[in-house]
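Worksheet: the structure to be examined is printed underneath.
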Amino acid sequence: MKIAIVEDDNIAANILTEYLNRYAGTYSEHFDISRFASAESFLYKYVPQFDLVFMDIELPGINGMDACRELRKTDAAVTIVFVTNMAQYACNGYEVDALDFIVKPISYADFSLKLKKAVKVVKTNAEVDVLVPKAGGFSRVSSSRLMYVEVMGHTIKYHLTDSVLEARGSLAEVEKILSGCGFLRCNNCFLVNPRYIVSVHGFTVKVGDESLPISQPRKKEFMSGLTDYLLKGGTGKNA
């Protein structure tokens with residue numbers, strides 16, 4: 001599980017790290033922890049990669065609440081837990097679909113309860129590997145890196161966060177592999193990972209930097225699936 005700590009105070013950041021390692025040892029979890037001393041450094045060239053973010057609200061420059069508003073423009077799925085001296089500010093977390101908040105000074109008892117809740121949410125994200133055939137073998141693609149899948153004739157294009165892979169096949173076959181991962185059909189040619197949906201306007205869904213059409217017959221089911229995904233905290237069952 002990839003976890004980001006966005007905290008300018010070294011003592012608080014060290015306590016969070018210590019508590020994470022203590023929890024991991026107790027419950028046999030494995031956490032890959034990254035620490036950022038400012039919202040600017042966290043948001044710089046951000047791509048969806050973290051499962052959980054501990055965000056201090058009182059940060060120099062961009063505060064934690066504004067940082068999460070920016071974060072949600074590119075990552076609808078990451079689980080957010082605010083860390084703050086003043087709980088009244090964290091109550092506005094619903095604006096960015098924050099899961100919870102922790103009040104400083106942080107006790108391990110409170111932290112472990114909140115972390116257990118966050119881990120449970122993150123683990124609802126079913127991540128699968130898709131094997132994409134290529135000359136002489138195949139490429140293994142994690143669903144967490146898959147923004148959307150496109151079919152053109154008998155060619156399937158896997159649009160990843162950093163590249164595009166092509167293979168022969170049908171969208172129905174890929175949809176079956178990704179069943180349970182929260183992917184949504186916006187029309188007969190595209191299968192979309194809601195984690196990367198930036199916006200929906202009319203019959204157009206923006207996925208990353210790409211605008212994809214939503215067909216009229218698919219619109220109701222697509223919006224219903226997206227609403228369900230958002231109501232579950234932006235996690236649904238996708239990676």
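Each chain in the structure tokens gets a letter, A, B, ..., in the order shown, and its residues are numbered from 1; ligands are numbered from 1 in order too.
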Do a neighbour search on Glu173 (chain A) at 12 Å with only C-alpha atoms, toss out local chain neighbours closer than 6 positions, and write the hits as a list in words. Val130, Leu131, Val132, Val149, Val151, His154, Ile156, Ser179 and Leu191 of chain A
Export C-alpha atoms of the chosen residues as a compact mmCIF listing (two decimals), in the first residue's frame?
```
# COMPACT_ATOMS: atom_id res chain seq x y z
CA VAL A 130 -4.09 -7.78 -17.52
CA LEU A 131 -1.79 -9.77 -19.79
CA VAL A 132 -1.35 -7.90 -23.08
CA VAL A 149 -9.45 0.70 -22.89
CA VAL A 151 -11.42 -0.93 -29.28
CA HIS A 154 -10.23 -6.09 -33.68
CA ILE A 156 -7.57 -3.22 -28.36
CA SER A 179 -15.13 -7.26 -13.88
CA LEU A 191 -14.09 1.06 -21.03
```
Mind checking which residues fall within 10 Å of region 180-190 of chain A, counting only C-alpha atoms, ignoring those fewer than 3 positions away in the same chain, and posting them as JSON, numbers by chain? {"A": [124, 125, 126, 127, 128, 143, 144, 146, 147, 148, 149, 150, 151, 152, 153, 156, 157, 170, 171, 172, 175, 176, 177, 193, 194, 195, 203, 204, 205, 212, 213, 214, 215, 216, 217, 218, 219, 220, 221, 222, 223, 224, 225, 226, 228, 229, 235, 236, 237, 238, 239]}
Can those selected residues be exported to a file as an mmCIF file, in the first residue's frame so that it contains C-alpha atoms?
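Generated file (selection-v2.cif):
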```cif
data_model
loop_
_atom_site.group_PDB
_atom_site.id
_atom_site.type_symbol
_atom_site.label_atom_id
_atom_site.label_comp_id
_atom_site.auth_asym_id
_atom_site.auth_seq_id
_atom_site.Cartn_x
_atom_site.Cartn_y
_atom_site.Cartn_z
ATOM 1 C CA THR A 124 -11.958 -2.804 -1.396
ATOM 2 C CA ASN A 125 -10.004 -1.684 -4.438
ATOM 3 C CA ALA A 126 -9.722 -4.873 -6.430
ATOM 4 C CA GLU A 127 -6.558 -4.675 -8.492
ATOM 5 C CA VAL A 128 -5.977 -7.203 -11.250
ATOM 6 C CA SER A 143 -5.463 -2.181 -13.575
ATOM 7 C CA SER A 144 -4.336 0.700 -11.343
ATOM 8 C CA LEU A 146 -5.038 1.564 -16.827
ATOM 9 C CA MET A 147 -6.912 4.810 -17.573
ATOM 10 C CA TYR A 148 -9.201 3.434 -20.266
ATOM 11 C CA VAL A 149 -9.451 0.705 -22.887
ATOM 12 C CA GLU A 150 -10.375 1.432 -26.507
ATOM 13 C CA VAL A 151 -11.423 -0.926 -29.281
ATOM 14 C CA MET A 152 -10.848 -0.169 -32.977
ATOM 15 C CA GLY A 153 -11.996 -3.061 -35.139
ATOM 16 C CA ILE A 156 -7.567 -3.218 -28.360
ATOM 17 C CA LYS A 157 -5.668 -0.146 -27.149
ATOM 18 C CA SER A 170 -12.434 -7.713 -28.058
ATOM 19 C CA LEU A 171 -13.621 -5.207 -25.494
ATOM 20 C CA ALA A 172 -15.979 -7.815 -24.072
ATOM 21 C CA GLU A 175 -14.389 -6.207 -19.637
ATOM 22 C CA LYS A 176 -14.703 -9.745 -18.300
ATOM 23 C CA ILE A 177 -11.119 -9.671 -16.984
ATOM 24 C CA ASN A 193 -11.402 3.555 -15.095
ATOM 25 C CA PRO A 194 -13.405 6.008 -12.905
ATOM 26 C CA ARG A 195 -10.265 6.778 -10.921
ATOM 27 C CA PHE A 203 -22.384 13.253 -23.327
ATOM 28 C CA THR A 204 -18.647 13.729 -22.855
ATOM 29 C CA VAL A 205 -16.427 12.273 -20.141
ATOM 30 C CA LEU A 212 -14.457 10.475 -24.725
ATOM 31 C CA PRO A 213 -18.059 10.286 -25.958
ATOM 32 C CA ILE A 214 -20.855 8.813 -23.861
ATOM 33 C CA SER A 215 -23.529 7.164 -25.960
ATOM 34 C CA GLN A 216 -27.151 7.923 -25.186
ATOM 35 C CA PRO A 217 -28.075 4.255 -24.510
ATOM 36 C CA ARG A 218 -25.127 3.964 -22.079
ATOM 37 C CA LYS A 219 -25.562 7.313 -20.300
ATOM 38 C CA LYS A 220 -27.928 6.218 -17.514
ATOM 39 C CA GLU A 221 -25.962 3.094 -16.587
ATOM 40 C CA PHE A 222 -22.645 4.963 -16.845
ATOM 41 C CA MET A 223 -23.789 7.783 -14.530
ATOM 42 C CA SER A 224 -25.319 5.298 -12.101
ATOM 43 C CA GLY A 225 -22.006 3.433 -11.901
ATOM 44 C CA LEU A 226 -20.058 6.649 -11.482
ATOM 45 C CA ASP A 228 -22.051 4.588 -6.887
ATOM 46 C CA TYR A 229 -18.268 4.895 -7.175
ATOM 47 C CA THR A 235 -12.893 3.982 -4.346
ATOM 48 C CA GLY A 236 -15.619 1.678 -5.615
ATOM 49 C CA LYS A 237 -13.834 -1.529 -6.546
ATOM 50 C CA ASN A 238 -11.309 -0.157 -8.968
ATOM 51 C CA ALA A 239 -7.591 0.058 -8.248
#
```
Write out as a VMD selection string the set of residues from region 24-209 of chain A that DSSP, computed on the backbone, places in helix (DSSP H, G or I). chain A and resid 24 to 27 39 to 43 64 to 71 87 to 96 108 to 123 143 to 145 171 to 177 194 to 196
Between CA of Ile3 (chain A) and CA of Leu160 (chain A), what is the distance, to one decimal in Å?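 Distance between the two atoms: 21.4 Å.
Straight-line separation from CA of Gln88 (chain A) to CA of Cys68 (chain A): 16.6 Å.
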Give me the residues within 8 Å of region 5-14 of chain A as a PyMOL selection string, counting only C-alpha atoms and dropping any in the same chain fewer than 2 places off. chain A and resi 3+16-18+33-39+42+53-56+59-60
Output N, CA and C atoms for every residue in that selection, as an mmCIF file, in the first residue's frame.
```cif
data_model
loop_
_atom_site.group_PDB
_atom_site.id
_atom_site.type_symbol
_atom_site.label_atom_id
_atom_site.label_comp_id
_atom_site.auth_asym_id
_atom_site.auth_seq_id
_atom_site.Cartn_x
_atom_site.Cartn_y
_atom_site.Cartn_z
ATOM 1 N N ILE A 3 1.572 5.025 0.644
ATOM 2 C CA ILE A 3 1.036 6.051 1.525
ATOM 3 C C ILE A 3 1.886 7.311 1.432
ATOM 4 N N LEU A 16 3.842 9.957 12.652
ATOM 5 C CA LEU A 16 2.987 9.238 11.708
ATOM 6 C C LEU A 16 3.719 8.037 11.114
ATOM 7 N N THR A 17 4.960 8.249 10.730
ATOM 8 C CA THR A 17 5.756 7.156 10.159
ATOM 9 C C THR A 17 5.956 6.038 11.173
ATOM 10 N N GLU A 18 6.274 6.424 12.415
ATOM 11 C CA GLU A 18 6.463 5.429 13.480
ATOM 12 C C GLU A 18 5.187 4.629 13.712
ATOM 13 N N ILE A 33 6.026 4.207 2.261
ATOM 14 C CA ILE A 33 5.716 5.543 2.773
ATOM 15 C C ILE A 33 6.585 6.605 2.109
ATOM 16 N N SER A 34 5.931 7.674 1.629
ATOM 17 C CA SER A 34 6.634 8.832 1.080
ATOM 18 C C SER A 34 6.212 10.065 1.881
ATOM 19 N N ARG A 35 7.194 10.912 2.206
ATOM 20 C CA ARG A 35 6.887 12.113 2.977
ATOM 21 C C ARG A 35 7.143 13.363 2.134
ATOM 22 N N PHE A 36 6.218 14.323 2.222
ATOM 23 C CA PHE A 36 6.343 15.604 1.520
ATOM 24 C C PHE A 36 6.197 16.725 2.550
ATOM 25 N N ALA A 37 7.089 17.698 2.486
ATOM 26 C CA ALA A 37 7.096 18.778 3.471
ATOM 27 C C ALA A 37 6.182 19.932 3.089
ATOM 28 N N SER A 38 5.613 19.887 1.896
ATOM 29 C CA SER A 38 4.709 20.951 1.457
ATOM 30 C C SER A 38 3.719 20.398 0.456
ATOM 31 N N ALA A 39 2.602 21.113 0.309
ATOM 32 C CA ALA A 39 1.602 20.712 -0.681
ATOM 33 C C ALA A 39 2.150 20.864 -2.086
ATOM 34 N N PHE A 42 4.190 17.915 -3.085
ATOM 35 C CA PHE A 42 3.318 16.754 -3.272
ATOM 36 C C PHE A 42 2.572 16.818 -4.599
ATOM 37 N N VAL A 53 -3.488 9.102 1.650
ATOM 38 C CA VAL A 53 -2.751 10.337 1.916
ATOM 39 C C VAL A 53 -3.136 10.871 3.281
ATOM 40 N N PHE A 54 -2.121 11.081 4.136
ATOM 41 C CA PHE A 54 -2.316 11.803 5.385
ATOM 42 C C PHE A 54 -1.940 13.257 5.112
ATOM 43 N N MET A 55 -2.921 14.139 5.160
ATOM 44 C CA MET A 55 -2.721 15.526 4.755
ATOM 45 C C MET A 55 -2.880 16.477 5.943
ATOM 46 N N ASP A 56 -1.788 17.160 6.292
ATOM 47 C CA ASP A 56 -1.877 18.214 7.284
ATOM 48 C C ASP A 56 -2.670 19.373 6.675
ATOM 49 N N LEU A 59 -0.562 23.980 6.349
ATOM 50 C CA LEU A 59 0.714 23.877 5.646
ATOM 51 C C LEU A 59 1.137 25.254 5.161
ATOM 52 N N PRO A 60 2.437 25.489 5.031
ATOM 53 C CA PRO A 60 2.892 26.758 4.445
ATOM 54 C C PRO A 60 2.545 26.808 2.959
#
```
Suppose you want the space between CA of Asn92 (chain A) and CA of Thr79 (chain A); what is it in Å?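 Straight-line distance from CA of Asn92 (chain A) to CA of Thr79 (chain A) works out to 15.4 Å.
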Give the strand (DSSP E or B) residues of region 30-199 of chain A, as assigned by DSSP on the backbone, as a PyMOL selection string. chain A and resi 32-36+52-56+79-84+100-103+129-134+137-142+146-152+155-160+164-168+184-187+190-192+197-199
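Taking only C-alpha atoms into account, Lys73 (chain A) lies nearest to A:Tyr46 out of the set A:Phe31, A:Phe101, A:Phe111, A:Tyr46.
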Residues within 6 Å of Ala98 (chain A), only C-alpha atoms, excluding chain neighbours under 2 positions, as a PyMOL selection string: chain A and resi 80-81+93-94+96+100
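If you measure from each of A:Tyr196, A:Pro133, A:Val122, A:Pro48 to Gly169 (chain A) using only C-alpha atoms, the closest one turns out to be A:Pro133.
In terms of minimum interatomic distance to Ala87 (chain A), A:Ile57 ranks closest within A:Ile57, A:Leu71, A:Leu113, A:Ile62, counting only C-alpha atoms.
Closest approach to Gly137 (chain A) from the set A:Leu52, A:Leu115, A:Ala167, A:Ile102 is made by A:Ala167, with distances taken over only C-alpha atoms.
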